[in-house]
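Visitor: If it helps, the file is called structure.tsv and holds TSV, C-alpha atoms and all ligand atoms:
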chain	number	residue	atom	x	y	z
A	1	MET	CA	-35.28	-74.08	2.34
A	2	SER	CA	-38.07	-74.33	4.94
A	3	THR	CA	-39.23	-71.08	6.53
A	4	GLU	CA	-40.88	-72.93	9.41
A	5	LYS	CA	-39.65	-71.60	12.75
A	6	ASP	CA	-38.58	-73.98	15.50
A	7	ARG	CA	-40.57	-73.79	18.72
A	8	VAL	CA	-38.59	-72.98	21.86
A	9	VAL	CA	-40.09	-74.14	25.14
A	10	ILE	CA	-40.28	-71.48	27.86
A	11	PHE	CA	-39.57	-72.86	31.33
A	12	ASP	CA	-40.29	-70.27	34.00
A	13	THR	CA	-38.57	-70.59	37.37
A	14	THR	CA	-39.70	-67.33	39.01
A	15	LEU	CA	-41.36	-69.31	41.79
A	16	ARG	CA	-38.30	-71.49	42.45
A	17	ASP	CA	-34.95	-69.91	41.41
A	18	GLY	CA	-36.50	-66.41	41.46
A	19	GLU	CA	-38.00	-66.81	44.89
A	20	GLN	CA	-34.64	-68.15	46.17
A	21	SER	CA	-33.32	-64.61	45.78
A	22	PRO	CA	-32.67	-63.22	49.30
A	23	GLY	CA	-35.66	-61.13	50.35
A	24	ALA	CA	-37.95	-62.20	47.49
A	25	THR	CA	-40.10	-64.61	49.48
A	26	MET	CA	-43.73	-64.70	48.34
A	27	THR	CA	-46.81	-65.76	50.28
A	28	HIS	CA	-48.85	-68.81	49.34
A	29	ALA	CA	-51.59	-66.67	47.76
A	30	GLU	CA	-49.04	-64.63	45.81
A	31	LYS	CA	-47.42	-67.79	44.42
A	32	LEU	CA	-50.79	-69.08	43.25
A	33	GLU	CA	-51.56	-65.76	41.60
A	34	ILE	CA	-48.21	-65.61	39.75
A	35	ALA	CA	-48.55	-69.25	38.66
A	36	GLY	CA	-52.03	-68.45	37.26
A	37	LEU	CA	-50.66	-65.50	35.31
A	38	LEU	CA	-47.76	-67.55	33.94
A	39	ASP	CA	-50.17	-70.27	32.83
A	40	GLU	CA	-52.47	-67.75	31.14
A	41	MET	CA	-49.53	-66.08	29.39
A	42	GLY	CA	-48.57	-69.36	27.70
A	43	VAL	CA	-45.51	-70.43	29.70
A	44	ASP	CA	-44.91	-74.09	28.78
A	45	ILE	CA	-43.40	-75.26	32.06
A	46	ILE	CA	-43.71	-73.66	35.49
A	47	GLU	CA	-41.11	-74.64	38.06
A	48	ALA	CA	-43.36	-74.07	41.04
A	49	GLY	CA	-40.91	-74.66	43.91
A	50	PHE	CA	-38.66	-77.01	45.83
A	51	PRO	CA	-41.10	-79.27	47.72
A	52	ILE	CA	-38.60	-80.69	50.23
A	53	ALA	CA	-37.47	-77.18	51.26
A	54	SER	CA	-40.44	-76.46	53.54
A	55	GLU	CA	-44.05	-77.33	54.26
A	56	GLY	CA	-45.02	-74.02	52.63
A	57	ASP	CA	-43.15	-74.83	49.42
A	58	PHE	CA	-44.70	-78.30	49.32
A	59	ASN	CA	-48.21	-76.89	49.73
A	60	ALA	CA	-47.67	-74.20	47.11
A	61	VAL	CA	-46.37	-76.69	44.54
A	62	SER	CA	-49.27	-79.11	45.23
A	63	GLU	CA	-51.87	-76.39	44.83
A	64	ILE	CA	-50.29	-74.93	41.72
A	65	ALA	CA	-50.23	-78.47	40.30
A	66	ARG	CA	-53.96	-78.80	40.99
A	67	GLN	CA	-54.91	-75.39	39.56
A	68	SER	CA	-52.75	-75.36	36.40
A	69	LYS	CA	-54.72	-75.50	33.17
A	70	ASN	CA	-52.14	-75.79	30.43
A	71	ALA	CA	-48.59	-75.65	31.73
A	72	VAL	CA	-46.46	-78.58	32.79
A	73	ILE	CA	-45.85	-78.23	36.55
A	74	CYS	CA	-42.37	-79.02	37.71
A	75	GLY	CA	-40.82	-79.36	41.16
A	76	LEU	CA	-37.12	-79.41	42.05
A	77	ALA	CA	-35.38	-82.23	43.92
A	78	ARG	CA	-31.76	-82.89	44.87
A	79	ALA	CA	-30.22	-86.23	43.93
A	80	SER	CA	-31.79	-88.03	46.85
A	81	ILE	CA	-34.63	-90.53	46.99
A	82	GLY	CA	-36.34	-88.58	49.81
A	83	ASP	CA	-36.29	-85.33	47.82
A	84	ILE	CA	-37.59	-87.02	44.70
A	85	ASP	CA	-40.44	-88.78	46.53
A	86	ARG	CA	-41.49	-85.52	48.19
A	87	CYS	CA	-41.35	-83.71	44.88
A	88	TRP	CA	-43.51	-86.34	43.22
A	89	GLU	CA	-46.08	-86.12	46.04
A	90	ALA	CA	-46.45	-82.41	45.25
A	91	VAL	CA	-46.43	-82.40	41.44
A	92	LYS	CA	-48.41	-85.59	40.84
A	93	HIS	CA	-51.72	-83.66	40.99
A	94	ALA	CA	-50.85	-81.77	37.79
A	95	LYS	CA	-52.31	-82.75	34.42
A	96	GLN	CA	-48.71	-82.78	33.22
A	97	PRO	CA	-46.19	-83.24	36.07
A	98	ARG	CA	-42.41	-83.05	35.78
A	99	ILE	CA	-39.67	-83.91	38.30
A	100	HIS	CA	-36.46	-81.90	37.98
A	101	THR	CA	-33.54	-83.46	39.77
A	102	PHE	CA	-29.96	-82.15	39.88
A	103	ILE	CA	-26.49	-82.61	41.31
A	104	GLY	CA	-23.41	-80.39	41.16
A	105	THR	CA	-20.95	-82.03	38.74
A	106	SER	CA	-18.03	-79.57	38.66
A	107	PRO	CA	-14.92	-80.28	40.77
A	108	LEU	CA	-15.95	-77.60	43.30
A	109	HIS	CA	-19.44	-79.03	43.63
A	110	ARG	CA	-18.29	-82.67	43.75
A	111	ALA	CA	-16.13	-81.76	46.72
A	112	ILE	CA	-19.13	-80.78	48.84
A	113	PRO	CA	-20.67	-84.28	49.21
A	114	ASN	CA	-17.10	-85.58	48.80
A	115	LEU	CA	-18.01	-88.00	46.01
A	116	THR	CA	-15.59	-89.43	43.46
A	117	GLN	CA	-16.56	-89.21	39.80
A	118	ASP	CA	-17.62	-92.87	39.87
A	119	GLU	CA	-19.66	-92.50	43.05
A	120	MET	CA	-21.45	-89.48	41.61
A	121	ALA	CA	-22.15	-91.35	38.36
A	122	GLU	CA	-23.73	-94.14	40.41
A	123	ARG	CA	-25.85	-91.61	42.36
A	124	ILE	CA	-27.10	-90.07	39.11
A	125	HIS	CA	-28.10	-93.46	37.73
A	126	GLU	CA	-29.91	-94.43	40.91
A	127	THR	CA	-31.82	-91.16	41.42
A	128	VAL	CA	-32.84	-90.54	37.82
A	129	SER	CA	-34.02	-94.16	37.49
A	130	HIS	CA	-36.05	-93.75	40.68
A	131	ALA	CA	-37.64	-90.53	39.41
A	132	ARG	CA	-38.45	-92.13	36.07
A	133	ASN	CA	-40.28	-94.95	37.83
A	134	LEU	CA	-42.60	-92.31	39.31
A	135	CYS	CA	-43.07	-89.95	36.38
A	136	ASP	CA	-42.63	-89.99	32.58
A	137	ASN	CA	-41.33	-86.45	32.38
A	138	ILE	CA	-37.89	-86.11	33.99
A	139	GLN	CA	-35.48	-83.22	33.78
A	140	TRP	CA	-31.92	-83.68	34.93
A	141	SER	CA	-29.37	-80.92	35.57
A	142	PRO	CA	-25.62	-81.16	36.10
A	143	MET	CA	-25.33	-78.07	38.30
A	144	ASP	CA	-22.34	-75.84	37.41
A	145	ALA	CA	-22.17	-77.56	34.02
A	146	THR	CA	-20.17	-74.71	32.51
A	147	ARG	CA	-17.32	-75.37	34.98
A	148	THR	CA	-17.48	-79.17	34.72
A	149	GLU	CA	-14.78	-81.10	32.80
A	150	PHE	CA	-16.30	-81.71	29.35
A	151	ASP	CA	-15.63	-85.47	29.29
A	152	TYR	CA	-17.20	-85.94	32.70
A	153	LEU	CA	-20.18	-83.83	31.68
A	154	VAL	CA	-20.71	-86.08	28.63
A	155	ARG	CA	-20.46	-89.16	30.82
A	156	THR	CA	-22.99	-87.93	33.40
A	157	ILE	CA	-25.49	-86.76	30.78
A	158	GLU	CA	-25.27	-90.11	29.02
A	159	ILE	CA	-26.03	-91.88	32.33
A	160	ALA	CA	-29.01	-89.58	33.00
A	161	ILE	CA	-30.43	-90.18	29.52
A	162	LYS	CA	-30.02	-93.97	29.85
A	163	ALA	CA	-31.74	-93.80	33.27
A	164	GLY	CA	-34.75	-92.09	31.71
A	165	ALA	CA	-34.23	-88.30	31.69
A	166	THR	CA	-36.25	-86.65	28.94
A	167	THR	CA	-34.82	-83.11	29.25
A	168	ILE	CA	-31.19	-82.30	29.94
A	169	ASN	CA	-30.67	-78.86	31.40
A	170	VAL	CA	-27.20	-77.32	31.15
A	171	PRO	CA	-26.93	-74.70	33.93
A	172	ASP	CA	-24.50	-71.84	33.95
A	173	THR	CA	-25.01	-71.73	37.70
A	174	VAL	CA	-22.63	-68.89	38.46
A	175	GLY	CA	-23.12	-66.82	35.29
A	176	TYR	CA	-19.57	-67.60	34.16
A	177	THR	CA	-19.95	-68.47	30.49
A	178	ALA	CA	-19.98	-66.14	27.46
A	179	PRO	CA	-22.14	-66.41	24.31
A	180	ARG	CA	-19.67	-68.16	22.00
A	181	GLU	CA	-18.75	-70.65	24.71
A	182	SER	CA	-22.42	-71.23	25.64
A	183	ALA	CA	-23.20	-72.10	22.02
A	184	GLU	CA	-20.12	-74.29	21.64
A	185	LEU	CA	-20.97	-76.29	24.77
A	186	ILE	CA	-24.51	-77.07	23.60
A	187	ARG	CA	-23.34	-77.87	20.08
A	188	ARG	CA	-20.66	-80.27	21.34
A	189	LEU	CA	-22.98	-81.96	23.85
A	190	ILE	CA	-25.61	-82.58	21.19
A	191	ALA	CA	-22.95	-83.94	18.85
A	192	GLU	CA	-21.06	-86.08	21.36
A	193	VAL	CA	-23.45	-87.40	24.02
A	194	PRO	CA	-24.81	-90.81	22.99
A	195	GLY	CA	-28.62	-90.60	22.94
A	196	ALA	CA	-28.65	-86.76	22.75
A	197	GLY	CA	-31.13	-86.91	19.87
A	198	ASP	CA	-33.76	-88.47	22.15
A	199	VAL	CA	-33.93	-85.60	24.65
A	200	VAL	CA	-34.49	-81.84	24.73
A	201	PHE	CA	-31.50	-79.73	25.74
A	202	ALA	CA	-32.24	-76.72	27.96
A	203	THR	CA	-30.23	-73.63	28.83
A	204	HIS	CA	-30.33	-72.14	32.34
A	205	CYS	CA	-28.23	-69.01	32.71
A	206	HIS	CA	-27.45	-66.72	35.59
A	207	ASN	CA	-26.62	-63.08	35.03
A	208	ASP	CA	-23.50	-62.46	37.12
A	209	LEU	CA	-21.67	-60.91	34.16
A	210	GLY	CA	-24.81	-59.47	32.55
A	211	MET	CA	-24.73	-62.08	29.76
A	212	ALA	CA	-27.64	-64.38	30.68
A	213	THR	CA	-29.90	-63.33	27.81
A	214	ALA	CA	-27.11	-63.45	25.23
A	215	ASN	CA	-25.91	-66.82	26.55
A	216	SER	CA	-29.43	-68.29	26.42
A	217	LEU	CA	-30.02	-67.13	22.85
A	218	ALA	CA	-26.61	-68.43	21.76
A	219	ALA	CA	-27.50	-71.81	23.29
A	220	VAL	CA	-30.77	-71.87	21.34
A	221	GLU	CA	-28.97	-71.10	18.09
A	222	ALA	CA	-26.71	-74.06	18.87
A	223	GLY	CA	-29.60	-76.48	19.40
A	224	ALA	CA	-31.08	-75.96	22.88
A	225	ARG	CA	-34.89	-75.92	22.68
A	226	GLN	CA	-35.83	-74.95	26.23
A	227	ILE	CA	-34.94	-71.65	27.89
A	228	GLU	CA	-35.11	-71.41	31.67
A	229	CYS	CA	-35.88	-67.92	32.85
A	230	THR	CA	-37.71	-65.72	35.33
A	231	ILE	CA	-39.95	-62.66	35.16
A	232	ASN	CA	-37.87	-59.45	35.49
A	233	GLY	CA	-34.77	-61.68	35.65
A	234	LEU	CA	-35.51	-62.27	39.35
A	235	GLY	CA	-33.05	-64.71	40.92
A	236	GLU	CA	-30.11	-65.23	43.21
A	237	ARG	CA	-27.25	-62.69	43.07
A	238	ALA	CA	-27.58	-60.88	39.70
A	239	GLY	CA	-30.58	-63.02	38.78
A	240	ASN	CA	-31.57	-65.41	36.00
A	241	THR	CA	-32.24	-64.88	32.31
A	242	ALA	CA	-35.21	-62.49	32.02
A	243	LEU	CA	-38.18	-64.17	30.34
A	244	GLU	CA	-39.39	-60.94	28.73
A	245	GLU	CA	-35.97	-60.34	27.14
A	246	VAL	CA	-35.53	-63.71	25.47
A	247	VAL	CA	-39.14	-63.84	24.32
A	248	MET	CA	-39.08	-60.36	22.78
A	249	ALA	CA	-35.61	-60.88	21.29
A	250	LEU	CA	-36.88	-63.98	19.48
A	251	ARG	CA	-39.98	-62.11	18.37
A	252	VAL	CA	-38.28	-58.91	17.20
A	253	ARG	CA	-35.23	-60.61	15.63
A	254	GLY	CA	-36.98	-63.60	14.10
A	255	ASP	CA	-35.20	-62.63	10.89
A	256	ILE	CA	-31.88	-63.86	12.27
A	257	MET	CA	-33.16	-66.20	15.03
A	258	PRO	CA	-35.98	-68.23	13.44
A	259	PHE	CA	-37.63	-69.50	16.61
A	260	THR	CA	-41.07	-69.03	18.14
A	261	THR	CA	-42.44	-69.28	21.67
A	262	GLY	CA	-46.01	-69.74	22.89
A	263	ILE	CA	-45.94	-66.54	24.97
A	264	GLU	CA	-48.77	-64.01	24.66
A	265	THR	CA	-46.46	-61.00	24.89
A	266	THR	CA	-49.21	-58.46	25.61
A	267	LYS	CA	-49.36	-59.94	29.11
A	268	LEU	CA	-45.69	-59.23	29.87
A	269	MET	CA	-46.06	-55.80	31.45
A	270	HIS	CA	-48.81	-56.86	33.83
A	271	ILE	CA	-46.99	-59.93	35.11
A	272	SER	CA	-43.77	-57.93	35.44
A	273	ARG	CA	-45.54	-55.42	37.68
A	274	ARG	CA	-47.18	-58.12	39.77
A	275	VAL	CA	-43.88	-59.96	40.30
A	276	ALA	CA	-42.17	-56.68	41.24
A	277	SER	CA	-44.93	-55.95	43.70
A	278	VAL	CA	-45.14	-59.36	45.40
A	279	SER	CA	-41.37	-59.95	45.51
A	280	GLY	CA	-40.62	-56.41	46.64
A	281	PHE	CA	-37.94	-56.17	43.92
A	282	ALA	CA	-38.63	-53.00	41.94
A	283	VAL	CA	-37.80	-53.07	38.23
A	284	GLN	CA	-34.99	-50.69	37.31
A	285	HIS	CA	-36.26	-47.81	35.14
A	286	ASN	CA	-34.04	-48.65	32.19
A	287	LYS	CA	-34.66	-52.42	32.30
A	288	ALA	CA	-35.14	-53.83	28.78
A	289	ILE	CA	-38.78	-54.45	27.77
A	290	VAL	CA	-40.52	-53.82	31.11
A	291	GLY	CA	-38.66	-50.87	32.66
A	292	LYS	CA	-40.55	-47.60	33.17
A	293	ASN	CA	-38.34	-45.94	30.54
A	294	ALA	CA	-38.27	-48.79	28.02
A	295	PHE	CA	-40.82	-46.94	25.87
A	296	ALA	CA	-40.26	-43.39	27.15
A	297	HIS	CA	-38.61	-40.57	25.23
A	298	GLU	CA	-37.60	-37.15	26.47
A	299	SER	CA	-35.12	-35.62	24.05
A	300	GLY	CA	-36.52	-33.26	21.43
A	301	ILE	CA	-34.95	-35.12	18.50
A	302	HIS	CA	-36.33	-38.45	19.69
A	303	GLN	CA	-39.78	-37.06	20.46
A	304	ASP	CA	-40.00	-35.34	17.10
A	305	GLY	CA	-38.97	-38.57	15.36
A	306	MET	CA	-41.48	-40.58	17.38
A	307	LEU	CA	-44.32	-38.24	16.52
A	308	LYS	CA	-43.54	-38.61	12.81
A	309	ASN	CA	-42.87	-42.35	12.78
A	310	ALA	CA	-42.64	-44.51	15.91
A	311	GLU	CA	-40.19	-46.87	14.22
A	312	THR	CA	-37.58	-44.10	14.21
A	313	PHE	CA	-36.66	-44.84	17.81
A	314	GLU	CA	-38.63	-47.96	18.77
A	315	ILE	CA	-37.98	-51.51	17.58
A	316	MET	CA	-41.14	-52.91	19.19
A	317	ARG	CA	-44.61	-51.52	19.63
A	318	PRO	CA	-45.51	-50.74	23.26
A	319	GLU	CA	-48.84	-52.52	22.65
A	320	ASP	CA	-46.92	-55.76	21.97
A	321	VAL	CA	-45.78	-55.92	25.59
A	322	GLY	CA	-49.04	-54.70	27.06
A	323	LEU	CA	-48.59	-50.94	27.23
A	324	THR	CA	-51.20	-48.70	25.69
A	325	GLU	CA	-48.78	-46.19	24.20
A	326	THR	CA	-45.27	-44.76	24.07
A	327	ASN	CA	-44.58	-42.33	26.88
A	328	LEU	CA	-43.31	-38.94	25.73
A	329	VAL	CA	-41.76	-37.65	28.95
A	330	MET	CA	-41.82	-33.86	29.09
A	331	GLY	CA	-38.59	-32.42	30.44
A	332	LYS	CA	-35.83	-29.97	29.65
A	333	HIS	CA	-34.73	-31.99	26.59
A	334	SER	CA	-38.17	-31.92	24.98
A	335	GLY	CA	-38.82	-29.86	21.88
A	336	ARG	CA	-41.70	-27.81	20.47
A	337	ALA	CA	-43.24	-30.65	18.47
A	338	ALA	CA	-43.68	-32.78	21.58
A	339	LEU	CA	-45.05	-29.85	23.58
A	340	ARG	CA	-47.58	-29.07	20.84
A	341	SER	CA	-48.65	-32.73	20.69
A	342	LYS	CA	-48.91	-33.07	24.49
A	343	LEU	CA	-50.95	-29.87	24.80
A	344	SER	CA	-53.21	-31.02	22.01
A	345	ASP	CA	-53.83	-34.26	23.99
A	346	LEU	CA	-54.74	-32.06	26.94
A	347	GLY	CA	-57.22	-30.09	24.82
A	348	TYR	CA	-55.16	-27.04	23.78
A	349	GLU	CA	-54.59	-26.34	20.08
A	350	LEU	CA	-51.98	-23.59	19.92
A	351	GLY	CA	-51.04	-21.28	17.04
A	352	ASP	CA	-47.33	-20.75	16.32
A	353	ASN	CA	-47.01	-17.50	18.31
A	354	GLN	CA	-48.83	-18.85	21.31
A	355	LEU	CA	-46.69	-22.02	21.23
A	356	LYS	CA	-43.54	-19.87	21.16
A	357	ASP	CA	-44.60	-18.10	24.33
A	358	VAL	CA	-45.70	-21.26	26.15
A	359	PHE	CA	-42.50	-23.04	25.09
A	360	VAL	CA	-40.38	-20.38	26.86
A	361	ARG	CA	-42.40	-20.84	30.07
A	362	PHE	CA	-42.21	-24.61	29.69
A	363	LYS	CA	-38.38	-24.54	29.41
A	364	GLU	CA	-38.13	-22.36	32.53
A	365	LEU	CA	-40.26	-24.86	34.41
A	366	ALA	CA	-38.38	-27.87	33.01
A	367	ASP	CA	-35.08	-26.40	34.22
A	368	ARG	CA	-36.48	-26.47	37.75
A	369	LYS	CA	-38.21	-29.89	37.59
A	370	LYS	CA	-36.92	-33.31	36.50
A	371	GLU	CA	-40.17	-34.14	34.76
A	372	VAL	CA	-43.05	-31.90	33.75
A	373	PHE	CA	-46.33	-33.70	34.34
A	374	ASP	CA	-49.72	-33.10	32.73
A	375	ASP	CA	-50.88	-31.18	35.81
A	376	ASP	CA	-47.85	-28.86	35.50
A	377	LEU	CA	-48.73	-28.19	31.85
A	378	LEU	CA	-52.34	-27.48	32.73
A	379	ALA	CA	-51.22	-24.99	35.41
A	380	LEU	CA	-48.84	-23.43	32.93
A	381	MET	CA	-51.64	-23.01	30.38
A	382	ARG	CA	-53.91	-21.45	33.00
A	383	GLU	CA	-51.13	-19.03	33.92
A	384	ALA	CA	-50.42	-18.22	30.26
A	385	SER	CA	-54.06	-17.50	29.47
A	386	SER	CA	-54.56	-15.28	32.56
A	387	ASP	CA	-51.50	-13.09	31.75
A	388	PRO	CA	-52.38	-9.88	29.94
B	401	LIG	O1	-28.47	-72.52	38.70
B	401	LIG	C1	-28.61	-73.76	38.83
B	401	LIG	O2	-27.70	-74.55	38.62
B	401	LIG	C2	-29.90	-74.24	39.29
B	401	LIG	C3	-30.10	-75.71	39.28
B	401	LIG	C4	-30.85	-76.20	40.45
B	401	LIG	C5	-30.72	-76.11	37.97
B	401	LIG	O3	-30.80	-73.45	39.55
B	402	ZN	ZN	-30.31	-71.42	38.79
Let me see whether you can do it: turn the structure in this file into structure tokens.
Guide:
Amino acid sequence: MSTEKDRVVIFDTTLRDGEQSPGATMTHAEKLEIAGLLDEMGVDIIEAGFPIASEGDFNAVSEIARQSKNAVICGLARASIGDIDRCWEAVKHAKQPRIHTFIGTSPLHRAIPNLTQDEMAERIHETVSHARNLCDNIQWSPMDATRTEFDYLVRTIEIAIKAGATTINVPDTVGYTAPRESAELIRRLIAEVPGAGDVVFATHCHNDLGMATANSLAAVEAGARQIECTINGLGERAGNTALEEVVMALRVRGDIMPFTTGIETTKLMHISRRVASVSGFAVQHNKAIVGKNAFAHESGIHQDGMLKNAETFEIMRPEDVGLTETNLVMGKHSGRAALRSKLSDLGYELGDNQLKDVFVRFKELADRKKEVFDDDLLALMREASSDP
């Protein structure tokens, strides 16, 4: 049996689906900065924006296309010739451009333009063929795929492939699916769509039920080879699949999910902080991988375990995501071992009796304060040494 791991392509849509999140608008300069960081981190495809949406979006996508060094630069377009032409005008400057065009295929979405199944099929053929005449790299998405009748989904995907699509994205637009169903859908599409073997299948999950990461990984296990995601899970409503979560899950659990990505994970923390800052969306403290507490420990049992062997309570090394070290937070749950270690870092080597005394003072202080900072400990040591 081969031990070679399959490569999964990381498609980042922080600058398109992420920025669509109400209140997350970024300036032109901020978009260029984030695109540069994504490129440096090894993201394979950057969805840089929706060029028809505004002059600003068009300019940002064009400039990102010009500046990108390694990543494929993708723009979004609805199923309309005008959208696709505008998108191509913006992405064509990239070394590797991609046009991503989509239409809502579920009954609810078909009702909006009021198209019959046949009329929509015709529109897909016409728009994907047009895009393919402009660019070799075409992604097509049946929006709301997870609520589209399976037979119709197969039919539309077959049309898109015949018209020249090279990647088929299967969006869970409203975060409705669950892991087993996500896997089953991808497996059945790959098995039943004629021509499926000639294209890459992608998974694009929203997090309305908190299952975006699980659904994306299940899709990969079933054969998808592109994950669409955003930094910090930024995105409309409850957001998109978080890039840092899928990448680290594949890295940490490569034993059961034998897939690799091209992401330099030590850059994750920095880009997470920059996206939080420019979007104005703070990262929740207990957010997986990049939250302030993701590598922090306060309880005495955990701190003691960590000081003896970090693997006791950590499944990844903080350095792997770009942190310098685990954070032992000093508070009322901390024990003597952590206090001794923290004081030693601050330059105090205490004997057992002295530690006993300082520990009592520390607990009194910790009962009054949520967190005891280094400055508090230094003050406490000054106080302890000046007492008779
Ligand atoms: O969620 C979605 O369906 C989308 C499409 C435009 C791919 O973002
Ligand atoms: Zn989306």
Visitor: Atom CA of Val275 of chain A to atom CA of Asp6 of chain A: how many Å, to one decimal?
Guide: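 A separation of 29.0 Å between them.
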Visitor: Would you mind listing what lies within 12 Å of Arg155 of chain A as a PyMOL selection string, with all atoms listed in the file counted and same-chain residues fewer than 5 positions away left out?
Guide: chain A and resi 105+117-118+120-122+124-125+142+148-150+160-162+189+192-196
Visitor: Have a look at atom CA of Leu377 of chain A and atom CA of Leu346 of chain A and let me know their distance in Å, one decimal.
Guide: 8.7 Å
Visitor: Dump the neighbourhood of ligand ZN 402 (chain B) as a list in words: all residues within 9 Å, distances computed on all atoms listed in the file.
Guide: Thr13, Arg16, Asp17, Gly18, Met143, Pro171, Asp172, Thr173, Val174, His204, Cys205, His206, Glu228, Cys229, Gly235, Glu236, Gly239 and Asn240 of chain A
Visitor: Counting all atoms listed in the file, which residues sit no farther than 8 Å from the position (-23.0, -63.5, 35.5) in the file's frame? I'd like them as a CSV table (one decimal) with C-alpha atoms, in the frame of the given file.
Guide:
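And here is the file that came out, selection23.csv:
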chain,number,residue,atom,x,y,z
A,174,VAL,CA,-22.6,-68.9,38.5
A,175,GLY,CA,-23.1,-66.8,35.3
A,176,TYR,CA,-19.6,-67.6,34.2
A,177,THR,CA,-20.0,-68.5,30.5
A,206,HIS,CA,-27.4,-66.7,35.6
A,207,ASN,CA,-26.6,-63.1,35.0
A,208,ASP,CA,-23.5,-62.5,37.1
A,209,LEU,CA,-21.7,-60.9,34.2
A,210,GLY,CA,-24.8,-59.5,32.6
A,211,MET,CA,-24.7,-62.1,29.8
A,212,ALA,CA,-27.6,-64.4,30.7
A,238,ALA,CA,-27.6,-60.9,39.7
Visitor: Could you please determine the separation between atom CA of Arg274 of chain A and atom CA of Gly23 of chain A in Å, to one decimal place?
Guide: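 These atoms are spaced 15.9 Å apart.
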Visitor: Any chance you could model N, CA and C atoms for segment 357-369 of chain A and send them as an mmCIF file, in the frame of the given file?
Guide:
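Contents of selection31.cif, as written:
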data_model
loop_
_atom_site.group_PDB
_atom_site.id
_atom_site.type_symbol
_atom_site.label_atom_id
_atom_site.label_comp_id
_atom_site.auth_asym_id
_atom_site.auth_seq_id
_atom_site.Cartn_x
_atom_site.Cartn_y
_atom_site.Cartn_z
ATOM 1 N N ASP A 357 -44.535 -18.676 22.991
ATOM 2 C CA ASP A 357 -44.600 -18.100 24.330
ATOM 3 C C ASP A 357 -44.657 -19.214 25.396
ATOM 4 N N VAL A 358 -45.537 -20.173 25.168
ATOM 5 C CA VAL A 358 -45.700 -21.260 26.150
ATOM 6 C C VAL A 358 -44.410 -22.087 26.235
ATOM 7 N N PHE A 359 -43.731 -22.231 25.111
ATOM 8 C CA PHE A 359 -42.500 -23.040 25.090
ATOM 9 C C PHE A 359 -41.430 -22.400 25.992
ATOM 10 N N VAL A 360 -41.355 -21.066 26.005
ATOM 11 C CA VAL A 360 -40.380 -20.380 26.860
ATOM 12 C C VAL A 360 -40.705 -20.683 28.340
ATOM 13 N N ARG A 361 -41.993 -20.558 28.678
ATOM 14 C CA ARG A 361 -42.400 -20.840 30.070
ATOM 15 C C ARG A 361 -42.123 -22.311 30.431
ATOM 16 N N PHE A 362 -42.420 -23.175 29.460
ATOM 17 C CA PHE A 362 -42.210 -24.610 29.690
ATOM 18 C C PHE A 362 -40.723 -24.902 29.980
ATOM 19 N N LYS A 363 -39.824 -24.295 29.206
ATOM 20 C CA LYS A 363 -38.380 -24.540 29.410
ATOM 21 C C LYS A 363 -37.923 -24.028 30.774
ATOM 22 N N GLU A 364 -38.491 -22.890 31.200
ATOM 23 C CA GLU A 364 -38.130 -22.360 32.530
ATOM 24 C C GLU A 364 -38.536 -23.370 33.613
ATOM 25 N N LEU A 365 -39.751 -23.889 33.440
ATOM 26 C CA LEU A 365 -40.260 -24.860 34.410
ATOM 27 C C LEU A 365 -39.426 -26.146 34.379
ATOM 28 N N ALA A 366 -39.117 -26.602 33.159
ATOM 29 C CA ALA A 366 -38.380 -27.870 33.010
ATOM 30 C C ALA A 366 -36.978 -27.779 33.590
ATOM 31 N N ASP A 367 -36.407 -26.568 33.616
ATOM 32 C CA ASP A 367 -35.080 -26.400 34.220
ATOM 33 C C ASP A 367 -35.139 -26.590 35.727
ATOM 34 N N ARG A 368 -36.330 -26.361 36.284
ATOM 35 C CA ARG A 368 -36.480 -26.470 37.750
ATOM 36 C C ARG A 368 -36.942 -27.873 38.157
ATOM 37 N N LYS A 369 -37.632 -28.592 37.222
ATOM 38 C CA LYS A 369 -38.210 -29.890 37.590
ATOM 39 C C LYS A 369 -37.632 -30.998 36.723
#
